[in-house]
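As provided, work14.cif (mmCIF, N, CA and C atoms and all ligand atoms) reads as follows.
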data_upload
loop_
_atom_site.label_atom_id
_atom_site.label_comp_id
_atom_site.auth_asym_id
_atom_site.auth_seq_id
_atom_site.Cartn_x
_atom_site.Cartn_y
_atom_site.Cartn_z
N MET A 25 0.84 -1.20 0.00
CA MET A 25 0.00 0.00 0.00
C MET A 25 0.88 1.25 0.00
N THR A 26 0.63 2.16 -0.90
CA THR A 26 1.43 3.39 -0.93
C THR A 26 0.97 4.34 0.17
N GLU A 27 1.78 5.34 0.42
CA GLU A 27 1.46 6.31 1.48
C GLU A 27 0.17 7.07 1.17
N ASP A 28 -0.02 7.43 -0.12
CA ASP A 28 -1.23 8.15 -0.55
C ASP A 28 -2.49 7.36 -0.26
N VAL A 29 -2.43 6.09 -0.60
CA VAL A 29 -3.60 5.23 -0.41
C VAL A 29 -3.90 5.08 1.08
N ARG A 30 -2.82 4.92 1.86
CA ARG A 30 -2.98 4.79 3.30
C ARG A 30 -3.68 6.04 3.88
N GLU A 31 -3.27 7.19 3.39
CA GLU A 31 -3.88 8.43 3.87
C GLU A 31 -5.34 8.55 3.46
N LEU A 32 -5.61 8.12 2.25
CA LEU A 32 -6.98 8.15 1.75
C LEU A 32 -7.87 7.26 2.63
N TYR A 33 -7.38 6.08 2.94
CA TYR A 33 -8.13 5.14 3.77
C TYR A 33 -8.37 5.72 5.16
N GLN A 34 -7.31 6.37 5.69
CA GLN A 34 -7.43 6.95 7.02
C GLN A 34 -8.51 8.05 7.02
N GLN A 35 -8.53 8.81 5.92
CA GLN A 35 -9.49 9.90 5.79
C GLN A 35 -10.93 9.35 5.75
N ILE A 36 -11.13 8.26 5.04
CA ILE A 36 -12.47 7.64 4.96
C ILE A 36 -12.94 7.27 6.37
N ILE A 37 -12.05 6.68 7.15
CA ILE A 37 -12.40 6.26 8.51
C ILE A 37 -12.69 7.48 9.39
N LEU A 38 -11.86 8.51 9.27
CA LEU A 38 -12.08 9.72 10.07
C LEU A 38 -13.40 10.41 9.71
N ASP A 39 -13.69 10.48 8.43
CA ASP A 39 -14.93 11.13 7.97
C ASP A 39 -16.17 10.40 8.51
N HIS A 40 -16.14 9.08 8.41
CA HIS A 40 -17.30 8.30 8.87
C HIS A 40 -17.43 8.31 10.38
N ASN A 41 -16.30 8.45 11.07
CA ASN A 41 -16.36 8.53 12.52
C ASN A 41 -16.99 9.86 12.95
N LYS A 42 -16.64 10.91 12.22
CA LYS A 42 -17.12 12.24 12.54
C LYS A 42 -18.59 12.40 12.18
N LYS A 43 -18.94 11.92 10.99
CA LYS A 43 -20.31 12.06 10.51
C LYS A 43 -20.84 10.69 10.09
N PRO A 44 -21.15 9.84 11.05
CA PRO A 44 -21.60 8.49 10.69
C PRO A 44 -22.94 8.50 9.94
N LYS A 45 -23.05 7.59 8.97
CA LYS A 45 -24.29 7.45 8.20
C LYS A 45 -25.25 6.53 8.97
N ASN A 46 -26.53 6.80 8.80
CA ASN A 46 -27.58 5.96 9.42
C ASN A 46 -27.39 5.81 10.92
N PHE A 47 -26.92 6.87 11.55
CA PHE A 47 -26.71 6.87 13.00
C PHE A 47 -28.00 7.34 13.66
N ARG A 48 -28.94 6.42 13.83
CA ARG A 48 -30.26 6.74 14.36
C ARG A 48 -30.94 5.44 14.78
N GLU A 49 -32.06 5.59 15.48
CA GLU A 49 -32.84 4.43 15.85
C GLU A 49 -33.92 4.19 14.81
N ILE A 50 -34.33 2.95 14.64
CA ILE A 50 -35.51 2.66 13.81
C ILE A 50 -36.63 2.26 14.77
N GLU A 51 -37.77 2.87 14.60
CA GLU A 51 -38.89 2.51 15.46
C GLU A 51 -39.50 1.20 14.99
N ASN A 52 -39.83 0.33 15.93
CA ASN A 52 -40.37 -0.99 15.63
C ASN A 52 -39.57 -1.75 14.56
N PRO A 53 -38.30 -1.97 14.80
CA PRO A 53 -37.49 -2.69 13.81
C PRO A 53 -37.81 -4.18 13.81
N ASP A 54 -37.52 -4.85 12.73
CA ASP A 54 -37.69 -6.31 12.68
C ASP A 54 -36.57 -7.00 13.44
N ARG A 55 -35.43 -6.35 13.48
CA ARG A 55 -34.29 -6.88 14.23
C ARG A 55 -33.63 -5.75 15.01
N LYS A 56 -33.27 -6.10 16.24
CA LYS A 56 -32.53 -5.16 17.08
C LYS A 56 -31.47 -5.97 17.78
N VAL A 57 -30.22 -5.77 17.40
CA VAL A 57 -29.15 -6.60 17.92
C VAL A 57 -28.11 -5.74 18.64
N LYS A 58 -27.82 -6.13 19.88
CA LYS A 58 -26.82 -5.40 20.65
C LYS A 58 -25.46 -6.04 20.48
N ALA A 59 -24.44 -5.20 20.35
CA ALA A 59 -23.09 -5.70 20.15
C ALA A 59 -22.14 -5.05 21.14
N TYR A 60 -21.23 -5.85 21.65
CA TYR A 60 -20.27 -5.34 22.62
C TYR A 60 -18.91 -5.96 22.38
N ASN A 61 -17.90 -5.13 22.31
CA ASN A 61 -16.53 -5.61 22.17
C ASN A 61 -15.78 -5.28 23.46
N PRO A 62 -15.66 -6.27 24.36
CA PRO A 62 -15.06 -6.00 25.68
C PRO A 62 -13.59 -5.58 25.60
N LEU A 63 -12.91 -5.95 24.53
CA LEU A 63 -11.49 -5.60 24.40
C LEU A 63 -11.27 -4.10 24.28
N CYS A 64 -12.26 -3.43 23.69
CA CYS A 64 -12.07 -2.01 23.41
C CYS A 64 -13.16 -1.16 24.07
N GLY A 65 -14.30 -1.79 24.38
CA GLY A 65 -15.41 -1.06 24.97
C GLY A 65 -16.43 -0.57 23.95
N ASP A 66 -16.27 -0.97 22.69
CA ASP A 66 -17.23 -0.58 21.65
C ASP A 66 -18.59 -1.21 21.95
N GLN A 67 -19.61 -0.37 21.88
CA GLN A 67 -20.95 -0.84 22.24
C GLN A 67 -21.99 -0.23 21.30
N TYR A 68 -22.65 -1.09 20.54
CA TYR A 68 -23.61 -0.59 19.55
C TYR A 68 -24.88 -1.42 19.54
N THR A 69 -25.93 -0.80 19.04
CA THR A 69 -27.15 -1.53 18.73
C THR A 69 -27.44 -1.33 17.25
N ILE A 70 -27.68 -2.42 16.56
CA ILE A 70 -27.99 -2.37 15.14
C ILE A 70 -29.50 -2.59 14.98
N PHE A 71 -30.13 -1.75 14.21
CA PHE A 71 -31.57 -1.88 13.93
C PHE A 71 -31.74 -2.25 12.46
N MET A 72 -32.75 -3.10 12.20
CA MET A 72 -32.93 -3.54 10.82
C MET A 72 -34.40 -3.73 10.49
N THR A 73 -34.78 -3.28 9.32
CA THR A 73 -36.13 -3.53 8.80
C THR A 73 -36.01 -4.41 7.57
N LEU A 74 -36.76 -5.51 7.58
CA LEU A 74 -36.70 -6.47 6.47
C LEU A 74 -38.04 -6.50 5.74
N GLU A 75 -37.94 -6.66 4.43
CA GLU A 75 -39.15 -6.84 3.63
C GLU A 75 -38.88 -8.01 2.71
N ASP A 76 -39.59 -9.10 2.93
CA ASP A 76 -39.29 -10.35 2.23
C ASP A 76 -37.82 -10.68 2.43
N ASP A 77 -37.06 -10.62 1.34
CA ASP A 77 -35.67 -11.04 1.42
C ASP A 77 -34.71 -9.86 1.39
N ARG A 78 -35.25 -8.66 1.59
CA ARG A 78 -34.43 -7.47 1.41
C ARG A 78 -34.28 -6.67 2.71
N VAL A 79 -33.09 -6.13 2.90
CA VAL A 79 -32.83 -5.22 4.02
C VAL A 79 -33.25 -3.83 3.56
N VAL A 80 -34.45 -3.41 3.91
CA VAL A 80 -34.92 -2.11 3.42
C VAL A 80 -34.36 -0.95 4.24
N ASP A 81 -34.05 -1.23 5.50
CA ASP A 81 -33.43 -0.17 6.30
C ASP A 81 -32.53 -0.79 7.36
N VAL A 82 -31.43 -0.13 7.60
CA VAL A 82 -30.53 -0.59 8.66
C VAL A 82 -29.84 0.65 9.25
N SER A 83 -29.73 0.66 10.58
CA SER A 83 -29.14 1.82 11.24
C SER A 83 -28.43 1.36 12.51
N PHE A 84 -27.74 2.29 13.15
CA PHE A 84 -27.06 1.91 14.40
C PHE A 84 -26.98 3.09 15.36
N GLN A 85 -26.81 2.74 16.62
CA GLN A 85 -26.63 3.71 17.69
C GLN A 85 -25.58 3.16 18.64
N GLY A 86 -24.95 4.03 19.41
CA GLY A 86 -23.98 3.56 20.37
C GLY A 86 -22.70 4.34 20.30
N SER A 87 -21.66 3.79 20.93
CA SER A 87 -20.39 4.52 20.95
C SER A 87 -19.22 3.54 20.97
N GLY A 88 -18.09 4.06 20.56
CA GLY A 88 -16.89 3.24 20.52
C GLY A 88 -15.78 3.98 19.81
N CYS A 89 -14.73 3.25 19.48
CA CYS A 89 -13.58 3.89 18.84
C CYS A 89 -13.88 4.27 17.39
N ALA A 90 -12.99 5.03 16.78
CA ALA A 90 -13.19 5.53 15.41
C ALA A 90 -13.37 4.39 14.41
N ILE A 91 -12.58 3.35 14.56
CA ILE A 91 -12.64 2.24 13.60
C ILE A 91 -13.99 1.53 13.67
N SER A 92 -14.45 1.26 14.90
CA SER A 92 -15.72 0.54 15.05
C SER A 92 -16.89 1.38 14.55
N LYS A 93 -16.84 2.68 14.80
CA LYS A 93 -17.94 3.54 14.38
C LYS A 93 -17.96 3.73 12.86
N ALA A 94 -16.79 3.97 12.29
CA ALA A 94 -16.70 4.13 10.83
C ALA A 94 -17.11 2.85 10.13
N SER A 95 -16.73 1.72 10.70
CA SER A 95 -17.07 0.44 10.11
C SER A 95 -18.58 0.22 10.13
N ALA A 96 -19.22 0.57 11.23
CA ALA A 96 -20.68 0.43 11.34
C ALA A 96 -21.37 1.35 10.34
N SER A 97 -20.85 2.55 10.21
CA SER A 97 -21.42 3.52 9.28
C SER A 97 -21.36 3.00 7.84
N ILE A 98 -20.20 2.50 7.45
CA ILE A 98 -20.02 1.99 6.09
C ILE A 98 -20.83 0.71 5.87
N MET A 99 -20.90 -0.11 6.92
CA MET A 99 -21.70 -1.33 6.83
C MET A 99 -23.16 -0.99 6.51
N THR A 100 -23.73 -0.03 7.24
CA THR A 100 -25.15 0.31 7.01
C THR A 100 -25.33 0.87 5.60
N GLU A 101 -24.38 1.67 5.16
CA GLU A 101 -24.45 2.26 3.82
C GLU A 101 -24.47 1.17 2.75
N LEU A 102 -23.61 0.17 2.92
CA LEU A 102 -23.45 -0.87 1.90
C LEU A 102 -24.58 -1.89 1.92
N VAL A 103 -25.10 -2.17 3.11
CA VAL A 103 -26.06 -3.26 3.25
C VAL A 103 -27.50 -2.81 2.95
N LYS A 104 -27.76 -1.54 3.16
CA LYS A 104 -29.11 -1.00 2.94
C LYS A 104 -29.55 -1.22 1.50
N GLY A 105 -30.72 -1.84 1.34
CA GLY A 105 -31.26 -2.08 0.00
C GLY A 105 -30.84 -3.41 -0.60
N LYS A 106 -29.88 -4.08 0.05
CA LYS A 106 -29.40 -5.36 -0.47
C LYS A 106 -30.31 -6.51 -0.04
N THR A 107 -30.27 -7.61 -0.80
CA THR A 107 -30.96 -8.81 -0.36
C THR A 107 -30.13 -9.43 0.76
N LYS A 108 -30.77 -10.35 1.50
CA LYS A 108 -30.05 -11.04 2.58
C LYS A 108 -28.80 -11.73 2.04
N GLU A 109 -28.95 -12.35 0.87
CA GLU A 109 -27.84 -13.09 0.29
C GLU A 109 -26.69 -12.14 -0.08
N GLU A 110 -27.02 -11.01 -0.67
CA GLU A 110 -25.98 -10.03 -1.03
C GLU A 110 -25.28 -9.49 0.22
N ALA A 111 -26.08 -9.26 1.27
CA ALA A 111 -25.52 -8.75 2.52
C ALA A 111 -24.57 -9.76 3.14
N GLU A 112 -24.94 -11.04 3.06
CA GLU A 112 -24.09 -12.09 3.59
C GLU A 112 -22.79 -12.21 2.80
N GLN A 113 -22.88 -11.97 1.48
CA GLN A 113 -21.67 -11.99 0.65
C GLN A 113 -20.72 -10.87 1.06
N LEU A 114 -21.29 -9.69 1.32
CA LEU A 114 -20.49 -8.56 1.77
C LEU A 114 -19.82 -8.87 3.10
N PHE A 115 -20.57 -9.52 3.99
CA PHE A 115 -20.05 -9.91 5.29
C PHE A 115 -18.83 -10.81 5.13
N GLU A 116 -18.94 -11.78 4.23
CA GLU A 116 -17.83 -12.70 4.01
C GLU A 116 -16.62 -12.00 3.40
N GLN A 117 -16.89 -11.10 2.46
CA GLN A 117 -15.82 -10.32 1.84
C GLN A 117 -15.08 -9.50 2.89
N PHE A 118 -15.86 -8.85 3.74
CA PHE A 118 -15.27 -8.00 4.77
C PHE A 118 -14.43 -8.85 5.72
N HIS A 119 -14.98 -9.97 6.11
CA HIS A 119 -14.28 -10.87 7.02
C HIS A 119 -12.95 -11.32 6.43
N ASP A 120 -12.98 -11.73 5.16
CA ASP A 120 -11.75 -12.16 4.48
C ASP A 120 -10.76 -11.02 4.37
N LEU A 121 -11.28 -9.82 4.15
CA LEU A 121 -10.41 -8.65 4.01
C LEU A 121 -9.65 -8.34 5.29
N VAL A 122 -10.38 -8.28 6.41
CA VAL A 122 -9.73 -7.87 7.66
C VAL A 122 -8.89 -8.99 8.28
N THR A 123 -9.17 -10.23 7.89
CA THR A 123 -8.35 -11.32 8.42
C THR A 123 -7.20 -11.65 7.47
N GLY A 124 -7.13 -10.93 6.36
CA GLY A 124 -5.98 -11.08 5.47
C GLY A 124 -6.11 -12.17 4.44
N LYS A 125 -7.31 -12.77 4.33
CA LYS A 125 -7.49 -13.85 3.35
C LYS A 125 -7.69 -13.29 1.95
N LEU A 126 -8.15 -12.04 1.90
CA LEU A 126 -8.46 -11.44 0.61
C LEU A 126 -7.44 -10.37 0.26
N GLU A 127 -6.96 -10.41 -0.97
CA GLU A 127 -6.05 -9.35 -1.41
C GLU A 127 -6.85 -8.08 -1.66
N VAL A 128 -6.23 -6.96 -1.42
CA VAL A 128 -6.94 -5.70 -1.52
C VAL A 128 -7.04 -5.23 -2.97
N ASP A 129 -8.24 -5.10 -3.44
CA ASP A 129 -8.49 -4.49 -4.73
C ASP A 129 -9.39 -3.29 -4.47
N MET A 130 -8.78 -2.13 -4.30
CA MET A 130 -9.54 -0.97 -3.85
C MET A 130 -10.63 -0.55 -4.82
N PHE A 131 -10.47 -0.86 -6.11
CA PHE A 131 -11.48 -0.45 -7.08
C PHE A 131 -12.72 -1.30 -6.94
N GLU A 132 -12.51 -2.55 -6.63
CA GLU A 132 -13.64 -3.44 -6.48
C GLU A 132 -14.29 -3.28 -5.11
N LEU A 133 -13.48 -3.09 -4.10
CA LEU A 133 -14.01 -3.06 -2.74
C LEU A 133 -14.46 -1.67 -2.29
N GLY A 134 -13.97 -0.64 -2.95
CA GLY A 134 -14.34 0.72 -2.57
C GLY A 134 -13.98 1.02 -1.14
N LYS A 135 -14.96 1.55 -0.39
CA LYS A 135 -14.71 1.99 0.98
C LYS A 135 -14.30 0.86 1.92
N LEU A 136 -14.75 -0.35 1.61
CA LEU A 136 -14.41 -1.49 2.46
C LEU A 136 -12.90 -1.64 2.59
N ALA A 137 -12.20 -1.33 1.50
CA ALA A 137 -10.76 -1.50 1.48
C ALA A 137 -10.06 -0.64 2.54
N ALA A 138 -10.74 0.38 3.01
CA ALA A 138 -10.17 1.25 4.04
C ALA A 138 -9.81 0.48 5.30
N PHE A 139 -10.43 -0.68 5.48
CA PHE A 139 -10.21 -1.45 6.71
C PHE A 139 -9.15 -2.53 6.55
N ALA A 140 -8.55 -2.57 5.36
CA ALA A 140 -7.52 -3.59 5.11
C ALA A 140 -6.36 -3.43 6.08
N GLY A 141 -6.08 -2.20 6.51
CA GLY A 141 -4.96 -1.93 7.40
C GLY A 141 -5.06 -2.58 8.76
N VAL A 142 -6.26 -2.95 9.19
CA VAL A 142 -6.41 -3.49 10.54
C VAL A 142 -5.92 -4.93 10.65
N ARG A 143 -5.71 -5.58 9.50
CA ARG A 143 -5.34 -7.01 9.55
C ARG A 143 -4.05 -7.26 10.33
N ASP A 144 -3.21 -6.23 10.43
CA ASP A 144 -1.96 -6.38 11.18
C ASP A 144 -2.13 -6.17 12.68
N TYR A 145 -3.32 -5.79 13.08
CA TYR A 145 -3.58 -5.51 14.51
C TYR A 145 -4.82 -6.29 14.98
N PRO A 146 -4.59 -7.49 15.53
CA PRO A 146 -5.70 -8.36 15.91
C PRO A 146 -6.77 -7.68 16.76
N ALA A 147 -6.38 -6.81 17.67
CA ALA A 147 -7.36 -6.14 18.52
C ALA A 147 -8.26 -5.22 17.70
N ARG A 148 -7.68 -4.62 16.67
CA ARG A 148 -8.44 -3.72 15.80
C ARG A 148 -9.38 -4.48 14.88
N VAL A 149 -9.02 -5.72 14.57
CA VAL A 149 -9.90 -6.54 13.73
C VAL A 149 -11.25 -6.69 14.41
N LYS A 150 -11.24 -6.85 15.73
CA LYS A 150 -12.49 -6.95 16.50
C LYS A 150 -13.32 -5.68 16.36
N CYS A 151 -12.64 -4.55 16.44
CA CYS A 151 -13.33 -3.26 16.32
C CYS A 151 -13.99 -3.13 14.95
N ALA A 152 -13.21 -3.48 13.91
CA ALA A 152 -13.70 -3.31 12.54
C ALA A 152 -14.81 -4.29 12.21
N SER A 153 -14.76 -5.50 12.78
CA SER A 153 -15.76 -6.50 12.38
C SER A 153 -16.99 -6.54 13.28
N LEU A 154 -16.97 -5.81 14.38
CA LEU A 154 -18.09 -5.89 15.34
C LEU A 154 -19.46 -5.67 14.68
N SER A 155 -19.61 -4.58 13.97
CA SER A 155 -20.91 -4.27 13.37
C SER A 155 -21.28 -5.26 12.27
N TRP A 156 -20.27 -5.79 11.59
CA TRP A 156 -20.53 -6.78 10.54
C TRP A 156 -21.03 -8.09 11.12
N HIS A 157 -20.41 -8.52 12.23
CA HIS A 157 -20.88 -9.73 12.89
C HIS A 157 -22.30 -9.53 13.42
N THR A 158 -22.57 -8.32 13.86
CA THR A 158 -23.89 -8.02 14.40
C THR A 158 -24.94 -8.05 13.30
N MET A 159 -24.58 -7.48 12.16
CA MET A 159 -25.47 -7.51 10.99
C MET A 159 -25.74 -8.95 10.58
N HIS A 160 -24.67 -9.75 10.57
CA HIS A 160 -24.79 -11.17 10.22
C HIS A 160 -25.73 -11.88 11.21
N ALA A 161 -25.58 -11.57 12.49
CA ALA A 161 -26.45 -12.17 13.51
C ALA A 161 -27.90 -11.76 13.29
N ALA A 162 -28.11 -10.51 12.90
CA ALA A 162 -29.47 -10.01 12.65
C ALA A 162 -30.12 -10.74 11.49
N LEU A 163 -29.31 -11.09 10.50
CA LEU A 163 -29.84 -11.76 9.31
C LEU A 163 -30.12 -13.23 9.55
N THR A 164 -29.36 -13.83 10.46
CA THR A 164 -29.46 -15.27 10.60
C THR A 164 -30.32 -15.70 11.78
N THR A 165 -30.94 -14.74 12.46
CA THR A 165 -31.81 -15.11 13.57
C THR A 165 -33.27 -14.83 13.21
N ASP A 166 -34.16 -15.48 13.90
CA ASP A 166 -35.57 -15.21 13.71
C ASP A 166 -36.14 -14.43 14.87
N THR A 167 -35.31 -14.26 15.90
CA THR A 167 -35.79 -13.51 17.06
C THR A 167 -35.53 -12.03 16.86
N LYS A 168 -36.37 -11.27 17.52
CA LYS A 168 -36.32 -9.83 17.31
C LYS A 168 -35.14 -9.15 17.99
N THR A 169 -34.86 -9.57 19.21
CA THR A 169 -33.79 -8.91 19.95
C THR A 169 -32.71 -9.92 20.33
N VAL A 170 -31.48 -9.60 19.96
CA VAL A 170 -30.37 -10.51 20.21
C VAL A 170 -29.22 -9.72 20.84
N THR A 171 -28.47 -10.38 21.69
CA THR A 171 -27.24 -9.75 22.20
C THR A 171 -26.06 -10.59 21.76
N THR A 172 -25.08 -9.93 21.17
CA THR A 172 -23.93 -10.67 20.66
C THR A 172 -22.65 -10.08 21.21
N GLU A 173 -21.62 -10.90 21.25
CA GLU A 173 -20.31 -10.40 21.71
C GLU A 173 -19.24 -10.76 20.72
ZN ZN A 201 -12.74 -0.38 19.13
#
Once you've parsed the file, please lay out its structure as structure tokens.
Amino acid sequence: MTEDVRELYQQIILDHNKKPKNFREIENPDRKVKAYNPLCGDQYTIFMTLEDDRVVDVSFQGSGCAISKASASIMTELVKGKTKEEAEQLFEQFHDLVTGKLEVDMFELGKLAAFAGVRDYPARVKCASLSWHTMHAALTTDTKTVTTE
């Protein structure tokens, strides 16, 4: 990764931390999943509205470090409007990216690639993947309220 690209990625994370997207509650959501990362103290609730097989709305509330918040913001942006299957594919891509299984192709991955840098810091991987695991839990459960760690 060149220095320019690294800076660009850092900027994406800083921007989303400062002005997170979909940072709100959804009233009467179909899914409400609480997430907690004890290693860092990141604590979020993910809200989701489903229509048939599609995620029509997804949002989050809570607090935590810049990486966890930016990741949640980008997750909601990417998953909103997707089918469950597409959302699950994104989850797998993200997981492979932050664990180093996937090579970084910034043109294909777009904003997701901003989190490639965390693969060298295991503690940060938890921060970056927290909201994604929570989204995954929301999609794979039939219960309305879930708590995940
Ligand atoms: Zn964190």
* Asked: Running DSSP on the backbone, which parts of chain A land in strand (DSSP E), as JSON, numbers by chain?
  -> {"A": [55, 56, 57, 58, 59, 60, 61, 66, 67, 68, 69, 70, 71, 72, 73, 74, 75, 78, 79, 80, 81, 82, 83, 84, 85, 86, 87, 169, 170, 171, 172]}
Export N, CA and C atoms of the chosen residues as a PDB file, keeping the file's coordinate frame?
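Saved as part-v4.pdb:
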ATOM      1  N   ARG A  55     -35.430  -6.350  13.480  1.00  0.00           N
ATOM      2  CA  ARG A  55     -34.290  -6.880  14.230  1.00  0.00           C
ATOM      3  C   ARG A  55     -33.630  -5.750  15.010  1.00  0.00           C
ATOM      4  N   LYS A  56     -33.270  -6.100  16.240  1.00  0.00           N
ATOM      5  CA  LYS A  56     -32.530  -5.160  17.080  1.00  0.00           C
ATOM      6  C   LYS A  56     -31.470  -5.970  17.780  1.00  0.00           C
ATOM      7  N   VAL A  57     -30.220  -5.770  17.400  1.00  0.00           N
ATOM      8  CA  VAL A  57     -29.150  -6.600  17.920  1.00  0.00           C
ATOM      9  C   VAL A  57     -28.110  -5.740  18.640  1.00  0.00           C
ATOM     10  N   LYS A  58     -27.820  -6.130  19.880  1.00  0.00           N
ATOM     11  CA  LYS A  58     -26.820  -5.400  20.650  1.00  0.00           C
ATOM     12  C   LYS A  58     -25.460  -6.040  20.480  1.00  0.00           C
ATOM     13  N   ALA A  59     -24.440  -5.200  20.350  1.00  0.00           N
ATOM     14  CA  ALA A  59     -23.090  -5.700  20.150  1.00  0.00           C
ATOM     15  C   ALA A  59     -22.140  -5.050  21.140  1.00  0.00           C
ATOM     16  N   TYR A  60     -21.230  -5.850  21.650  1.00  0.00           N
ATOM     17  CA  TYR A  60     -20.270  -5.340  22.620  1.00  0.00           C
ATOM     18  C   TYR A  60     -18.910  -5.960  22.380  1.00  0.00           C
ATOM     19  N   ASN A  61     -17.900  -5.130  22.310  1.00  0.00           N
ATOM     20  CA  ASN A  61     -16.530  -5.610  22.170  1.00  0.00           C
ATOM     21  C   ASN A  61     -15.780  -5.280  23.460  1.00  0.00           C
ATOM     22  N   ASP A  66     -16.270  -0.970  22.690  1.00  0.00           N
ATOM     23  CA  ASP A  66     -17.230  -0.580  21.650  1.00  0.00           C
ATOM     24  C   ASP A  66     -18.590  -1.210  21.950  1.00  0.00           C
ATOM     25  N   GLN A  67     -19.610  -0.370  21.880  1.00  0.00           N
ATOM     26  CA  GLN A  67     -20.950  -0.840  22.240  1.00  0.00           C
ATOM     27  C   GLN A  67     -21.990  -0.230  21.300  1.00  0.00           C
ATOM     28  N   TYR A  68     -22.650  -1.090  20.540  1.00  0.00           N
ATOM     29  CA  TYR A  68     -23.610  -0.590  19.550  1.00  0.00           C
ATOM     30  C   TYR A  68     -24.880  -1.420  19.540  1.00  0.00           C
ATOM     31  N   THR A  69     -25.930  -0.800  19.040  1.00  0.00           N
ATOM     32  CA  THR A  69     -27.150  -1.530  18.730  1.00  0.00           C
ATOM     33  C   THR A  69     -27.440  -1.330  17.250  1.00  0.00           C
ATOM     34  N   ILE A  70     -27.680  -2.420  16.560  1.00  0.00           N
ATOM     35  CA  ILE A  70     -27.990  -2.370  15.140  1.00  0.00           C
ATOM     36  C   ILE A  70     -29.500  -2.590  14.980  1.00  0.00           C
ATOM     37  N   PHE A  71     -30.130  -1.750  14.210  1.00  0.00           N
ATOM     38  CA  PHE A  71     -31.570  -1.880  13.930  1.00  0.00           C
ATOM     39  C   PHE A  71     -31.740  -2.250  12.460  1.00  0.00           C
ATOM     40  N   MET A  72     -32.750  -3.100  12.200  1.00  0.00           N
ATOM     41  CA  MET A  72     -32.930  -3.540  10.820  1.00  0.00           C
ATOM     42  C   MET A  72     -34.400  -3.730  10.490  1.00  0.00           C
ATOM     43  N   THR A  73     -34.780  -3.280   9.320  1.00  0.00           N
ATOM     44  CA  THR A  73     -36.130  -3.530   8.800  1.00  0.00           C
ATOM     45  C   THR A  73     -36.010  -4.410   7.570  1.00  0.00           C
ATOM     46  N   LEU A  74     -36.760  -5.510   7.580  1.00  0.00           N
ATOM     47  CA  LEU A  74     -36.700  -6.470   6.470  1.00  0.00           C
ATOM     48  C   LEU A  74     -38.040  -6.500   5.740  1.00  0.00           C
ATOM     49  N   GLU A  75     -37.940  -6.660   4.430  1.00  0.00           N
ATOM     50  CA  GLU A  75     -39.150  -6.840   3.630  1.00  0.00           C
ATOM     51  C   GLU A  75     -38.880  -8.010   2.710  1.00  0.00           C
ATOM     52  N   ARG A  78     -35.250  -8.660   1.590  1.00  0.00           N
ATOM     53  CA  ARG A  78     -34.430  -7.470   1.410  1.00  0.00           C
ATOM     54  C   ARG A  78     -34.280  -6.670   2.710  1.00  0.00           C
ATOM     55  N   VAL A  79     -33.090  -6.130   2.900  1.00  0.00           N
ATOM     56  CA  VAL A  79     -32.830  -5.220   4.020  1.00  0.00           C
ATOM     57  C   VAL A  79     -33.250  -3.830   3.560  1.00  0.00           C
ATOM     58  N   VAL A  80     -34.450  -3.410   3.910  1.00  0.00           N
ATOM     59  CA  VAL A  80     -34.920  -2.110   3.420  1.00  0.00           C
ATOM     60  C   VAL A  80     -34.360  -0.950   4.240  1.00  0.00           C
ATOM     61  N   ASP A  81     -34.050  -1.230   5.500  1.00  0.00           N
ATOM     62  CA  ASP A  81     -33.430  -0.170   6.300  1.00  0.00           C
ATOM     63  C   ASP A  81     -32.530  -0.790   7.360  1.00  0.00           C
ATOM     64  N   VAL A  82     -31.430  -0.130   7.600  1.00  0.00           N
ATOM     65  CA  VAL A  82     -30.530  -0.590   8.660  1.00  0.00           C
ATOM     66  C   VAL A  82     -29.840   0.650   9.250  1.00  0.00           C
ATOM     67  N   SER A  83     -29.730   0.660  10.580  1.00  0.00           N
ATOM     68  CA  SER A  83     -29.140   1.820  11.240  1.00  0.00           C
ATOM     69  C   SER A  83     -28.430   1.360  12.510  1.00  0.00           C
ATOM     70  N   PHE A  84     -27.740   2.290  13.150  1.00  0.00           N
ATOM     71  CA  PHE A  84     -27.060   1.910  14.400  1.00  0.00           C
ATOM     72  C   PHE A  84     -26.980   3.090  15.360  1.00  0.00           C
ATOM     73  N   GLN A  85     -26.810   2.740  16.620  1.00  0.00           N
ATOM     74  CA  GLN A  85     -26.630   3.710  17.690  1.00  0.00           C
ATOM     75  C   GLN A  85     -25.580   3.160  18.640  1.00  0.00           C
ATOM     76  N   GLY A  86     -24.950   4.030  19.410  1.00  0.00           N
ATOM     77  CA  GLY A  86     -23.980   3.560  20.370  1.00  0.00           C
ATOM     78  C   GLY A  86     -22.700   4.340  20.300  1.00  0.00           C
ATOM     79  N   SER A  87     -21.660   3.790  20.930  1.00  0.00           N
ATOM     80  CA  SER A  87     -20.390   4.520  20.950  1.00  0.00           C
ATOM     81  C   SER A  87     -19.220   3.540  20.970  1.00  0.00           C
ATOM     82  N   THR A 169     -34.860  -9.570  19.210  1.00  0.00           N
ATOM     83  CA  THR A 169     -33.790  -8.910  19.950  1.00  0.00           C
ATOM     84  C   THR A 169     -32.710  -9.920  20.330  1.00  0.00           C
ATOM     85  N   VAL A 170     -31.480  -9.600  19.960  1.00  0.00           N
ATOM     86  CA  VAL A 170     -30.370 -10.510  20.210  1.00  0.00           C
ATOM     87  C   VAL A 170     -29.220  -9.720  20.840  1.00  0.00           C
ATOM     88  N   THR A 171     -28.470 -10.380  21.690  1.00  0.00           N
ATOM     89  CA  THR A 171     -27.240  -9.750  22.200  1.00  0.00           C
ATOM     90  C   THR A 171     -26.060 -10.590  21.760  1.00  0.00           C
ATOM     91  N   THR A 172     -25.080  -9.930  21.170  1.00  0.00           N
ATOM     92  CA  THR A 172     -23.930 -10.670  20.660  1.00  0.00           C
ATOM     93  C   THR A 172     -22.650 -10.080  21.210  1.00  0.00           C
TER      94      THR A 172
END
* **Close residues to ligand ZN 201 (chain A) using all atoms listed in the file, limit 5 Å, as a list in words** =>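 The distance check yields Cys64, Cys89, Ser92 and Cys151 of chain A.
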* Name the residues in contact with segment 103-108 of chain A at a cut-off of 6 Å, using only N, CA and C atoms, excluding same-chain residues fewer than 3 positions from it; report them as JSON, numbers by chain. => {"A": [77, 78, 79, 80, 81, 82, 98, 99, 100, 111, 112, 113]}
